Amino acid sequence: MDPLSGLLEGPRARGAFLLRSMLDPPFALRIEDRAPLTVVGLVRGAAWVVPDDGGPAALGPGDVAVLRGPDGYLVADDPATPPQVVVHPGQRCTTLRGEPLAEATALGVRTWGTGADGCTVLLTGTYQLPGELGRRLLTALPPLLVVGGEDRSGPLVSLLADEVTRDAPGQEVVLDRLLDLVLIAALRTWFARPGAAPAWYVAAADPVVGPALRLLRDDPARPWTVAALAAEVGVSRAALARRFTQLVGEPPMTFLTGCRLALAADLLREPDATLGAVAREVGYGSPFALSSAFRRVHGVSPRDHRLAR
């Protein structure tokens, strides 16, 4: 599995919230829905995204912004425009005084705004990230990143805009997959920029560390040791440990533990998964061993983690 595929295994949209906004300036939407990850695509017009933690970024047609939650942000025709609408958790929209707006601003299927011919059209999709594998993605992202429509995302934004207002059988699945494509295209472009990708992502291109990372990700249940991993990639134990730690930022076995527990957290969300089966799948000899490691790293027991979904 390549690094980007592994990165995106967790945030795979399942019934993601998607909305088309049709707006005329001046407009300013204060977003406080606390979504862990949000994708905003501009179909036409112009807009600014202003995160609570960071400077404003301008959007043009086809541009995509990815925002890491749960902090709030502003979407406006101008950064100086005062907020007029607040979006709360559960995508509940109100005025600044708390008056509901859902019925007053509805313009059709998954569409709302100031009018059907709004000169600015935005698409917003939010991920709820039920699995812990998404944590590695979130820690790799800045609070806000923007990629241009010319970087392969523009056609996908247009396609998502065409589909978002349809109400056909299976439409939810279609929209989930299209949102995934928009996100993947944006992240591929972002991580290709100098200095944007996390250390472990860049390390995947190293002739020694790259194969080691793939072995750990593809077979986390194997009883790995540094010596066994070094033998697989054809270097000494000391050479692998030194180079892996230098490029990835942590030793091989520490990285493996993180992968195992992230995978375990995701598997525990499955309704029929038992602790014993999950322990075997991620390389722990017993449910007790997995439970102890899980509590040490995540601060909660596997049972409490499952109930918190």
# chains A, B, ... in the order shown; residues from 1 in each chain; ligands from 1
call {"tool": "residues_around", "arguments": {"residues": "A:Pro89", "least_positions_apart": "5", "cutoff": "10 Å", "atoms": "only C-alpha atoms", "output": "list in words"}}
result
Ile31, Glu32, Asp33, Arg34 and Ala35 of chain A
call {"tool": "write_last_selection", "arguments": {"atoms": "all heavy atoms", "output": "compact mmCIF listing (two decimals), in the first residue's frame"}}
result
# COMPACT_ATOMS: atom_id res chain seq x y z
N ILE A 31 -18.71 28.95 10.73
CA ILE A 31 -18.87 27.50 10.83
C ILE A 31 -18.33 27.03 12.17
O ILE A 31 -17.13 27.17 12.45
CB ILE A 31 -18.14 26.76 9.69
CG1 ILE A 31 -18.45 27.42 8.34
CG2 ILE A 31 -18.53 25.29 9.69
CD1 ILE A 31 -19.91 27.44 7.95
N GLU A 32 -19.21 26.47 12.98
CA GLU A 32 -18.84 25.95 14.30
C GLU A 32 -19.40 24.54 14.49
O GLU A 32 -19.86 24.18 15.57
CB GLU A 32 -19.35 26.88 15.40
CG GLU A 32 -18.75 28.29 15.35
CD GLU A 32 -19.24 29.18 16.45
OE1 GLU A 32 -20.19 28.78 17.17
OE2 GLU A 32 -18.69 30.30 16.61
N ASP A 33 -19.37 23.73 13.42
CA ASP A 33 -19.94 22.39 13.50
C ASP A 33 -19.02 21.36 14.13
O ASP A 33 -19.40 20.23 14.39
CB ASP A 33 -20.36 21.91 12.11
CG ASP A 33 -19.19 21.81 11.13
OD1 ASP A 33 -18.04 22.09 11.53
OD2 ASP A 33 -19.45 21.44 9.97
N ARG A 34 -17.74 21.74 14.37
CA ARG A 34 -16.75 20.90 15.03
C ARG A 34 -16.46 19.61 14.26
O ARG A 34 -16.03 18.61 14.84
CB ARG A 34 -17.16 20.58 16.48
CG ARG A 34 -17.33 21.83 17.34
CD ARG A 34 -17.39 21.51 18.81
NE ARG A 34 -16.15 20.91 19.30
CZ ARG A 34 -15.04 21.59 19.57
NH1 ARG A 34 -14.99 22.90 19.37
NH2 ARG A 34 -13.98 20.96 20.02
N ALA A 35 -16.66 19.62 12.96
CA ALA A 35 -16.31 18.47 12.13
C ALA A 35 -14.79 18.30 12.11
O ALA A 35 -14.06 19.28 11.99
CB ALA A 35 -16.82 18.66 10.71
call {"tool": "residues_around", "arguments": {"residues": "stretch 186-203 of chain A", "least_positions_apart": "4", "cutoff": "8 Å", "atoms": "only C-alpha atoms", "output": "mmCIF file with C-alpha atoms, in the first residue's frame"}}
result
data_model
loop_
_atom_site.group_PDB
_atom_site.id
_atom_site.type_symbol
_atom_site.label_atom_id
_atom_site.label_comp_id
_atom_site.auth_asym_id
_atom_site.auth_seq_id
_atom_site.Cartn_x
_atom_site.Cartn_y
_atom_site.Cartn_z
ATOM 1 C CA PRO A 3 1.612 6.158 1.698
ATOM 2 C CA LEU A 4 -1.328 8.205 0.444
ATOM 3 C CA VAL A 64 -10.490 23.293 -2.985
ATOM 4 C CA VAL A 66 -9.351 21.381 3.276
ATOM 5 C CA ALA A 140 -0.280 15.520 8.950
ATOM 6 C CA LEU A 145 -4.713 24.051 2.925
ATOM 7 C CA VAL A 146 -5.847 25.289 -0.477
ATOM 8 C CA VAL A 147 -5.106 23.794 -3.883
ATOM 9 C CA ASP A 151 -4.326 21.050 -10.102
ATOM 10 C CA SER A 153 -9.397 19.202 -8.582
ATOM 11 C CA VAL A 182 -11.987 15.531 -4.338
ATOM 12 C CA VAL A 209 12.966 2.940 4.861
ATOM 13 C CA GLY A 210 10.264 2.855 2.165
ATOM 14 C CA LEU A 247 13.672 9.900 8.419
ATOM 15 C CA VAL A 248 10.419 8.928 10.137
ATOM 16 C CA GLY A 249 11.042 10.626 13.468
#
call {"tool": "residues_around", "arguments": {"residues": "A:Leu268", "least_positions_apart": "3", "cutoff": "9 Å", "atoms": "only C-alpha atoms", "output": "compact mmCIF listing (two decimals) with C-alpha atoms, in the first residue's frame"}}
result
# COMPACT_ATOMS: atom_id res chain seq x y z
CA GLY A 131 -12.10 5.37 12.77
CA LEU A 263 -5.87 -0.28 13.06
CA ALA A 264 -7.29 -1.81 16.25
CA ALA A 265 -9.23 1.38 16.98
CA PRO A 271 -20.28 -4.16 15.34
CA ASP A 272 -19.35 -7.86 15.20
CA ALA A 273 -15.66 -7.53 16.05
CA THR A 274 -14.48 -9.19 19.25
CA LEU A 275 -11.50 -8.00 21.24
CA VAL A 278 -8.97 -7.70 16.76
CA PRO A 302 -11.13 -0.72 23.95
CA ARG A 303 -14.64 -1.15 25.36
CA HIS A 305 -13.59 3.45 22.78
CA ARG A 306 -16.23 1.26 21.10
call {"tool": "residues_around", "arguments": {"residues": "stretch 253-261 of chain A", "least_positions_apart": "6", "cutoff": "9 Å", "atoms": "only C-alpha atoms", "output": "list in words"}}
result
Glu132, Leu133, Leu213, Leu216, Arg217, Pro220, Ala221, Trp224, Thr225, Val226, Glu281, Val282, Gly283, Tyr284, Leu290, Ala293, Phe294, Val297 and His298 of chain A
call {"tool": "write_last_selection", "arguments": {"atoms": "all heavy atoms", "output": "short mmCIF file (atom, residue, chain, number, x, y, z; two decimals), in the first residue's frame"}}
result
data_model
loop_
_atom_site.label_atom_id
_atom_site.label_comp_id
_atom_site.auth_asym_id
_atom_site.auth_seq_id
_atom_site.Cartn_x
_atom_site.Cartn_y
_atom_site.Cartn_z
N GLU A 132 -10.05 5.56 14.03
CA GLU A 132 -8.85 6.22 14.51
C GLU A 132 -7.76 6.31 13.45
O GLU A 132 -6.80 7.05 13.63
CB GLU A 132 -8.30 5.47 15.73
CG GLU A 132 -9.05 5.78 17.00
CD GLU A 132 -8.86 7.23 17.43
OE1 GLU A 132 -7.72 7.69 17.47
OE2 GLU A 132 -9.87 7.87 17.70
N LEU A 133 -7.86 5.57 12.36
CA LEU A 133 -6.85 5.70 11.32
C LEU A 133 -6.82 7.12 10.76
O LEU A 133 -5.83 7.55 10.21
CB LEU A 133 -7.10 4.71 10.19
CG LEU A 133 -6.66 3.27 10.46
CD1 LEU A 133 -7.08 2.37 9.32
CD2 LEU A 133 -5.17 3.19 10.67
N LEU A 213 8.61 0.50 5.72
CA LEU A 213 7.29 1.05 6.05
C LEU A 213 6.18 0.23 5.41
O LEU A 213 5.16 -0.06 6.05
CB LEU A 213 7.20 2.50 5.56
CG LEU A 213 7.94 3.55 6.38
CD1 LEU A 213 8.00 4.87 5.61
CD2 LEU A 213 7.27 3.75 7.73
N LEU A 216 5.62 -3.07 7.33
CA LEU A 216 4.93 -2.88 8.60
C LEU A 216 3.45 -2.58 8.38
O LEU A 216 2.59 -3.08 9.12
CB LEU A 216 5.58 -1.74 9.39
CG LEU A 216 7.03 -1.98 9.85
CD1 LEU A 216 7.55 -0.75 10.58
CD2 LEU A 216 7.13 -3.21 10.74
N ARG A 217 3.14 -1.77 7.38
CA ARG A 217 1.74 -1.42 7.12
C ARG A 217 0.96 -2.61 6.56
O ARG A 217 -0.20 -2.83 6.90
CB ARG A 217 1.66 -0.25 6.14
CG ARG A 217 2.03 1.10 6.72
CD ARG A 217 1.46 2.21 5.84
NE ARG A 217 2.06 3.49 6.18
CZ ARG A 217 3.09 4.01 5.54
NH1 ARG A 217 3.64 3.37 4.53
NH2 ARG A 217 3.57 5.18 5.89
N PRO A 220 0.89 -5.90 9.74
CA PRO A 220 1.16 -5.46 11.11
C PRO A 220 1.08 -6.59 12.13
O PRO A 220 1.66 -6.47 13.22
CB PRO A 220 0.08 -4.40 11.37
CG PRO A 220 -1.04 -4.78 10.44
CD PRO A 220 -0.38 -5.33 9.22
N ALA A 221 0.39 -7.68 11.82
CA ALA A 221 0.24 -8.78 12.78
C ALA A 221 1.48 -9.65 12.88
O ALA A 221 1.62 -10.42 13.84
CB ALA A 221 -0.96 -9.64 12.39
N TRP A 224 7.09 -8.80 14.31
CA TRP A 224 8.27 -8.09 13.83
C TRP A 224 9.26 -7.78 14.94
O TRP A 224 8.89 -7.49 16.07
CB TRP A 224 7.86 -6.76 13.18
CG TRP A 224 7.16 -6.88 11.87
CD1 TRP A 224 5.83 -6.66 11.63
CD2 TRP A 224 7.75 -7.24 10.63
NE1 TRP A 224 5.55 -6.85 10.30
CE2 TRP A 224 6.71 -7.21 9.65
CE3 TRP A 224 9.03 -7.58 10.22
CZ2 TRP A 224 6.93 -7.51 8.32
CZ3 TRP A 224 9.25 -7.89 8.89
CH2 TRP A 224 8.22 -7.85 7.95
N THR A 225 10.54 -7.84 14.58
CA THR A 225 11.62 -7.26 15.37
C THR A 225 12.42 -6.39 14.43
O THR A 225 12.29 -6.49 13.20
CB THR A 225 12.54 -8.34 15.96
OG1 THR A 225 13.18 -9.05 14.88
CG2 THR A 225 11.75 -9.32 16.84
N VAL A 226 13.25 -5.52 14.99
CA VAL A 226 14.08 -4.68 14.13
C VAL A 226 15.01 -5.56 13.29
O VAL A 226 15.24 -5.29 12.11
CB VAL A 226 14.89 -3.68 14.97
CG1 VAL A 226 15.81 -2.85 14.06
CG2 VAL A 226 13.96 -2.75 15.74
N GLU A 281 -5.62 -9.90 14.80
CA GLU A 281 -5.45 -9.26 13.49
C GLU A 281 -4.37 -8.18 13.51
O GLU A 281 -3.74 -7.91 12.49
CB GLU A 281 -6.77 -8.67 13.01
CG GLU A 281 -6.74 -8.17 11.59
CD GLU A 281 -8.11 -7.97 10.98
OE1 GLU A 281 -9.10 -8.46 11.58
OE2 GLU A 281 -8.21 -7.34 9.92
N VAL A 282 -4.15 -7.58 14.66
CA VAL A 282 -3.16 -6.49 14.72
C VAL A 282 -1.86 -6.91 15.40
O VAL A 282 -0.99 -6.07 15.63
CB VAL A 282 -3.75 -5.24 15.40
CG1 VAL A 282 -4.97 -4.74 14.66
CG2 VAL A 282 -4.06 -5.50 16.87
N GLY A 283 -1.74 -8.20 15.74
CA GLY A 283 -0.45 -8.67 16.22
C GLY A 283 -0.24 -8.72 17.71
O GLY A 283 0.91 -8.80 18.17
N TYR A 284 -1.33 -8.74 18.51
CA TYR A 284 -1.20 -8.89 19.95
C TYR A 284 -1.59 -10.31 20.34
O TYR A 284 -2.55 -10.88 19.82
CB TYR A 284 -2.05 -7.86 20.69
CG TYR A 284 -1.42 -6.49 20.69
CD1 TYR A 284 -1.65 -5.60 19.65
CD2 TYR A 284 -0.56 -6.10 21.70
CE1 TYR A 284 -1.05 -4.35 19.63
CE2 TYR A 284 0.05 -4.85 21.69
CZ TYR A 284 -0.20 -3.98 20.65
OH TYR A 284 0.41 -2.75 20.63
N LEU A 290 -3.59 -6.41 24.16
CA LEU A 290 -4.10 -5.31 23.35
C LEU A 290 -4.75 -4.25 24.22
O LEU A 290 -4.53 -3.05 24.04
CB LEU A 290 -5.10 -5.83 22.32
CG LEU A 290 -5.85 -4.74 21.53
CD1 LEU A 290 -4.89 -3.85 20.76
CD2 LEU A 290 -6.87 -5.38 20.58
N ALA A 293 -2.11 -2.11 26.02
CA ALA A 293 -1.44 -1.18 25.11
C ALA A 293 -2.39 -0.08 24.65
O ALA A 293 -2.01 1.10 24.56
CB ALA A 293 -0.89 -1.94 23.90
N PHE A 294 -3.63 -0.44 24.38
CA PHE A 294 -4.62 0.52 23.91
C PHE A 294 -4.87 1.58 24.97
O PHE A 294 -4.90 2.79 24.67
CB PHE A 294 -5.92 -0.21 23.56
CG PHE A 294 -6.85 0.58 22.69
CD1 PHE A 294 -6.84 0.42 21.32
CD2 PHE A 294 -7.75 1.48 23.24
CE1 PHE A 294 -7.70 1.15 20.50
CE2 PHE A 294 -8.61 2.22 22.44
CZ PHE A 294 -8.58 2.05 21.07
N VAL A 297 -1.86 4.06 25.32
CA VAL A 297 -1.68 5.02 24.24
C VAL A 297 -2.88 5.96 24.10
O VAL A 297 -2.72 7.17 23.93
CB VAL A 297 -1.40 4.29 22.91
CG1 VAL A 297 -1.42 5.27 21.74
CG2 VAL A 297 -0.06 3.57 22.97
N HIS A 298 -4.10 5.40 24.16
CA HIS A 298 -5.30 6.20 23.88
C HIS A 298 -5.98 6.74 25.13
O HIS A 298 -6.88 7.59 25.03
CB HIS A 298 -6.30 5.38 23.07
CG HIS A 298 -5.83 5.07 21.68
ND1 HIS A 298 -5.60 6.05 20.74
CD2 HIS A 298 -5.52 3.90 21.08
CE1 HIS A 298 -5.19 5.49 19.61
NE2 HIS A 298 -5.13 4.19 19.80
#
call {"tool": "residues_around", "arguments": {"residues": "A:Pro70", "least_positions_apart": "6", "cutoff": "12 Å", "atoms": "only C-alpha atoms", "output": "MDAnalysis selection string"}}
result
chainID A and resid 31:38 51:53 88:89 126:129 138 143:144
call {"tool": "write_last_selection", "arguments": {"atoms": "C-alpha atoms", "output": "PDB file, in the first residue's frame"}}
result
ATOM      1  CA  ILE A  31     -18.872  27.499  10.826  1.00  0.00           C
ATOM      2  CA  GLU A  32     -18.839  25.951  14.300  1.00  0.00           C
ATOM      3  CA  ASP A  33     -19.941  22.388  13.500  1.00  0.00           C
ATOM      4  CA  ARG A  34     -16.751  20.899  15.031  1.00  0.00           C
ATOM      5  CA  ALA A  35     -16.307  18.470  12.128  1.00  0.00           C
ATOM      6  CA  PRO A  36     -12.825  16.873  12.227  1.00  0.00           C
ATOM      7  CA  LEU A  37     -12.296  17.394   8.491  1.00  0.00           C
ATOM      8  CA  THR A  38     -14.078  19.627   5.982  1.00  0.00           C
ATOM      9  CA  PRO A  51      -9.694  29.715   9.926  1.00  0.00           C
ATOM     10  CA  ASP A  52      -9.584  30.573  13.625  1.00  0.00           C
ATOM     11  CA  ASP A  53      -5.960  29.421  13.661  1.00  0.00           C
ATOM     12  CA  HIS A  88     -23.667  24.515  14.574  1.00  0.00           C
ATOM     13  CA  PRO A  89     -22.980  20.798  15.212  1.00  0.00           C
ATOM     14  CA  THR A 126     -17.682  17.147   6.114  1.00  0.00           C
ATOM     15  CA  TYR A 127     -16.104  13.930   7.358  1.00  0.00           C
ATOM     16  CA  GLN A 128     -16.917  12.630  10.810  1.00  0.00           C
ATOM     17  CA  LEU A 129     -13.951  10.187  10.829  1.00  0.00           C
ATOM     18  CA  LEU A 138      -5.270  14.918  10.786  1.00  0.00           C
ATOM     19  CA  PRO A 143      -5.375  23.924   9.897  1.00  0.00           C
ATOM     20  CA  LEU A 144      -6.085  25.040   6.309  1.00  0.00           C
TER      21      LEU A 144
END
call {"tool": "atom_distance", "arguments": {"atom1": "atom CA of A:Val121", "atom2": "atom CA of A:Gly62"}}
result
10.6 Å
call {"tool": "select_by_dssp", "arguments": {"residues": "stretch 61-124 of chain A", "states": "strand (DSSP E or B)", "output": "PDB file with N, CA, C and O atoms, in the first residue's frame"}}
result
ATOM      1  N   VAL A  64     -10.026  24.135  -4.089  1.00  0.00           N
ATOM      2  CA  VAL A  64     -10.490  23.293  -2.985  1.00  0.00           C
ATOM      3  C   VAL A  64      -9.733  23.674  -1.721  1.00  0.00           C
ATOM      4  O   VAL A  64      -8.503  23.798  -1.739  1.00  0.00           O
ATOM      5  N   ALA A  65     -10.473  23.871  -0.631  1.00  0.00           N
ATOM      6  CA  ALA A  65      -9.878  24.104   0.684  1.00  0.00           C
ATOM      7  C   ALA A  65     -10.181  22.905   1.566  1.00  0.00           C
ATOM      8  O   ALA A  65     -11.300  22.376   1.558  1.00  0.00           O
ATOM      9  N   VAL A  66      -9.181  22.457   2.301  1.00  0.00           N
ATOM     10  CA  VAL A  66      -9.351  21.381   3.276  1.00  0.00           C
ATOM     11  C   VAL A  66      -9.048  21.966   4.644  1.00  0.00           C
ATOM     12  O   VAL A  66      -7.972  22.530   4.864  1.00  0.00           O
ATOM     13  N   LEU A  67     -10.006  21.845   5.565  1.00  0.00           N
ATOM     14  CA  LEU A  67      -9.875  22.419   6.898  1.00  0.00           C
ATOM     15  C   LEU A  67      -9.869  21.315   7.940  1.00  0.00           C
ATOM     16  O   LEU A  67     -10.742  20.443   7.945  1.00  0.00           O
ATOM     17  N   ARG A  68      -8.878  21.366   8.815  1.00  0.00           N
ATOM     18  CA  ARG A  68      -8.773  20.414   9.911  1.00  0.00           C
ATOM     19  C   ARG A  68      -9.500  20.963  11.121  1.00  0.00           C
ATOM     20  O   ARG A  68      -9.213  22.071  11.590  1.00  0.00           O
ATOM     21  N   TYR A  73     -14.291  28.289  11.604  1.00  0.00           N
ATOM     22  CA  TYR A  73     -13.755  29.105  10.523  1.00  0.00           C
ATOM     23  C   TYR A  73     -14.878  29.932   9.915  1.00  0.00           C
ATOM     24  O   TYR A  73     -16.069  29.710  10.193  1.00  0.00           O
ATOM     25  N   LEU A  74     -14.480  30.876   9.069  1.00  0.00           N
ATOM     26  CA  LEU A  74     -15.419  31.768   8.393  1.00  0.00           C
ATOM     27  C   LEU A  74     -15.292  31.574   6.894  1.00  0.00           C
ATOM     28  O   LEU A  74     -14.185  31.437   6.373  1.00  0.00           O
ATOM     29  N   VAL A  75     -16.428  31.545   6.208  1.00  0.00           N
ATOM     30  CA  VAL A  75     -16.456  31.575   4.745  1.00  0.00           C
ATOM     31  C   VAL A  75     -17.204  32.842   4.359  1.00  0.00           C
ATOM     32  O   VAL A  75     -18.358  33.041   4.771  1.00  0.00           O
ATOM     33  N   ALA A  76     -16.558  33.721   3.578  1.00  0.00           N
ATOM     34  CA  ALA A  76     -17.138  35.031   3.327  1.00  0.00           C
ATOM     35  C   ALA A  76     -16.731  35.557   1.962  1.00  0.00           C
ATOM     36  O   ALA A  76     -15.787  35.063   1.335  1.00  0.00           O
ATOM     37  N   VAL A  85     -24.532  34.207   9.520  1.00  0.00           N
ATOM     38  CA  VAL A  85     -25.102  32.879   9.760  1.00  0.00           C
ATOM     39  C   VAL A  85     -24.095  32.064  10.563  1.00  0.00           C
ATOM     40  O   VAL A  85     -22.886  32.165  10.346  1.00  0.00           O
ATOM     41  N   VAL A  86     -24.607  31.259  11.493  1.00  0.00           N
ATOM     42  CA  VAL A  86     -23.764  30.344  12.264  1.00  0.00           C
ATOM     43  C   VAL A  86     -24.216  28.914  11.978  1.00  0.00           C
ATOM     44  O   VAL A  86     -25.415  28.618  12.062  1.00  0.00           O
ATOM     45  N   VAL A  87     -23.254  28.051  11.623  1.00  0.00           N
ATOM     46  CA  VAL A  87     -23.541  26.631  11.409  1.00  0.00           C
ATOM     47  C   VAL A  87     -23.036  25.872  12.628  1.00  0.00           C
ATOM     48  O   VAL A  87     -21.843  25.865  12.927  1.00  0.00           O
ATOM     49  N   HIS A  88     -23.958  25.204  13.325  1.00  0.00           N
ATOM     50  CA  HIS A  88     -23.667  24.515  14.574  1.00  0.00           C
ATOM     51  C   HIS A  88     -23.469  23.019  14.328  1.00  0.00           C
ATOM     52  O   HIS A  88     -23.711  22.520  13.221  1.00  0.00           O
ATOM     53  N   ARG A  92     -26.903  22.475  12.012  1.00  0.00           N
ATOM     54  CA  ARG A  92     -28.019  23.356  12.335  1.00  0.00           C
ATOM     55  C   ARG A  92     -27.601  24.794  12.079  1.00  0.00           C
ATOM     56  O   ARG A  92     -26.605  25.267  12.632  1.00  0.00           O
ATOM     57  N   CYS A  93     -28.380  25.504  11.256  1.00  0.00           N
ATOM     58  CA  CYS A  93     -28.050  26.877  10.866  1.00  0.00           C
ATOM     59  C   CYS A  93     -28.946  27.868  11.597  1.00  0.00           C
ATOM     60  O   CYS A  93     -30.169  27.689  11.649  1.00  0.00           O
ATOM     61  N   THR A  94     -28.317  28.922  12.149  1.00  0.00           N
ATOM     62  CA  THR A  94     -29.081  29.958  12.841  1.00  0.00           C
ATOM     63  C   THR A  94     -28.515  31.327  12.492  1.00  0.00           C
ATOM     64  O   THR A  94     -27.423  31.452  11.935  1.00  0.00           O
ATOM     65  N   THR A  95     -29.270  32.354  12.865  1.00  0.00           N
ATOM     66  CA  THR A  95     -28.730  33.705  12.841  1.00  0.00           C
ATOM     67  C   THR A  95     -27.791  33.858  14.043  1.00  0.00           C
ATOM     68  O   THR A  95     -27.674  32.968  14.877  1.00  0.00           O
ATOM     69  N   PRO A 100     -33.549  29.925  13.955  1.00  0.00           N
ATOM     70  CA  PRO A 100     -33.320  28.889  12.942  1.00  0.00           C
ATOM     71  C   PRO A 100     -33.488  29.432  11.527  1.00  0.00           C
ATOM     72  O   PRO A 100     -34.319  30.304  11.268  1.00  0.00           O
ATOM     73  N   ALA A 106     -33.787  27.288   2.469  1.00  0.00           N
ATOM     74  CA  ALA A 106     -33.741  26.074   1.648  1.00  0.00           C
ATOM     75  C   ALA A 106     -34.064  26.396   0.197  1.00  0.00           C
ATOM     76  O   ALA A 106     -35.018  27.125  -0.107  1.00  0.00           O
ATOM     77  N   LEU A 107     -33.245  25.845  -0.728  1.00  0.00           N
ATOM     78  CA  LEU A 107     -33.425  26.105  -2.159  1.00  0.00           C
ATOM     79  C   LEU A 107     -33.514  24.817  -2.977  1.00  0.00           C
ATOM     80  O   LEU A 107     -33.356  24.857  -4.184  1.00  0.00           O
ATOM     81  N   GLY A 108     -33.757  23.704  -2.317  1.00  0.00           N
ATOM     82  CA  GLY A 108     -33.854  22.437  -3.033  1.00  0.00           C
ATOM     83  C   GLY A 108     -33.004  21.365  -2.377  1.00  0.00           C
ATOM     84  O   GLY A 108     -32.537  21.524  -1.243  1.00  0.00           O
ATOM     85  N   THR A 111     -29.341  22.027  -0.955  1.00  0.00           N
ATOM     86  CA  THR A 111     -29.018  23.385  -1.425  1.00  0.00           C
ATOM     87  C   THR A 111     -29.679  24.415  -0.519  1.00  0.00           C
ATOM     88  O   THR A 111     -30.827  24.259  -0.112  1.00  0.00           O
ATOM     89  N   TRP A 112     -28.923  25.452  -0.214  1.00  0.00           N
ATOM     90  CA  TRP A 112     -29.487  26.562   0.537  1.00  0.00           C
ATOM     91  C   TRP A 112     -28.740  27.834   0.142  1.00  0.00           C
ATOM     92  O   TRP A 112     -27.743  27.791  -0.573  1.00  0.00           O
ATOM     93  N   GLY A 113     -29.229  28.997   0.583  1.00  0.00           N
ATOM     94  CA  GLY A 113     -28.534  30.232   0.285  1.00  0.00           C
ATOM     95  C   GLY A 113     -29.456  31.421   0.234  1.00  0.00           C
ATOM     96  O   GLY A 113     -30.591  31.387   0.707  1.00  0.00           O
ATOM     97  N   THR A 120     -22.160  33.375  -6.222  1.00  0.00           N
ATOM     98  CA  THR A 120     -21.121  32.520  -5.649  1.00  0.00           C
ATOM     99  C   THR A 120     -21.750  31.189  -5.257  1.00  0.00           C
ATOM    100  O   THR A 120     -22.759  31.163  -4.544  1.00  0.00           O
ATOM    101  N   VAL A 121     -21.160  30.100  -5.727  1.00  0.00           N
ATOM    102  CA  VAL A 121     -21.665  28.759  -5.425  1.00  0.00           C
ATOM    103  C   VAL A 121     -20.545  27.952  -4.775  1.00  0.00           C
ATOM    104  O   VAL A 121     -19.475  27.780  -5.356  1.00  0.00           O
ATOM    105  N   LEU A 122     -20.811  27.474  -3.575  1.00  0.00           N
ATOM    106  CA  LEU A 122     -19.849  26.702  -2.786  1.00  0.00           C
ATOM    107  C   LEU A 122     -20.377  25.302  -2.526  1.00  0.00           C
ATOM    108  O   LEU A 122     -21.588  25.113  -2.326  1.00  0.00           O
ATOM    109  N   LEU A 123     -19.485  24.324  -2.503  1.00  0.00           N
ATOM    110  CA  LEU A 123     -19.807  22.978  -2.051  1.00  0.00           C
ATOM    111  C   LEU A 123     -19.062  22.709  -0.748  1.00  0.00           C
ATOM    112  O   LEU A 123     -17.863  22.993  -0.651  1.00  0.00           O
ATOM    113  N   THR A 124     -19.764  22.178   0.220  1.00  0.00           N
ATOM    114  CA  THR A 124     -19.147  21.854   1.507  1.00  0.00           C
ATOM    115  C   THR A 124     -19.426  20.406   1.842  1.00  0.00           C
ATOM    116  O   THR A 124     -20.581  19.963   1.814  1.00  0.00           O
TER     117      THR A 124
END
call {"tool": "atom_distance", "arguments": {"atom1": "atom CA of A:Ser301", "atom2": "atom CA of A:Ala289"}}
result
11.6 Å
call {"tool": "closest_residue", "arguments": {"among": "A:Arg280, A:Arg20, A:Arg30, A:Arg136", "to": "A:Leu42", "atoms": "only C-alpha atoms"}}
result
A:Arg20
call {"tool": "select_by_dssp", "arguments": {"residues": "stretch 159-189 of chain A", "states": "helix (DSSP H, G or I)", "output": "NGL selection string"}}
result
:A and (159-164 or 171-189)
call {"tool": "closest_residue", "arguments": {"among": "A:Leu59, A:Leu18, A:Ala204, A:Ala227", "to": "A:Gly149", "atoms": "only C-alpha atoms"}}
result
A:Leu59
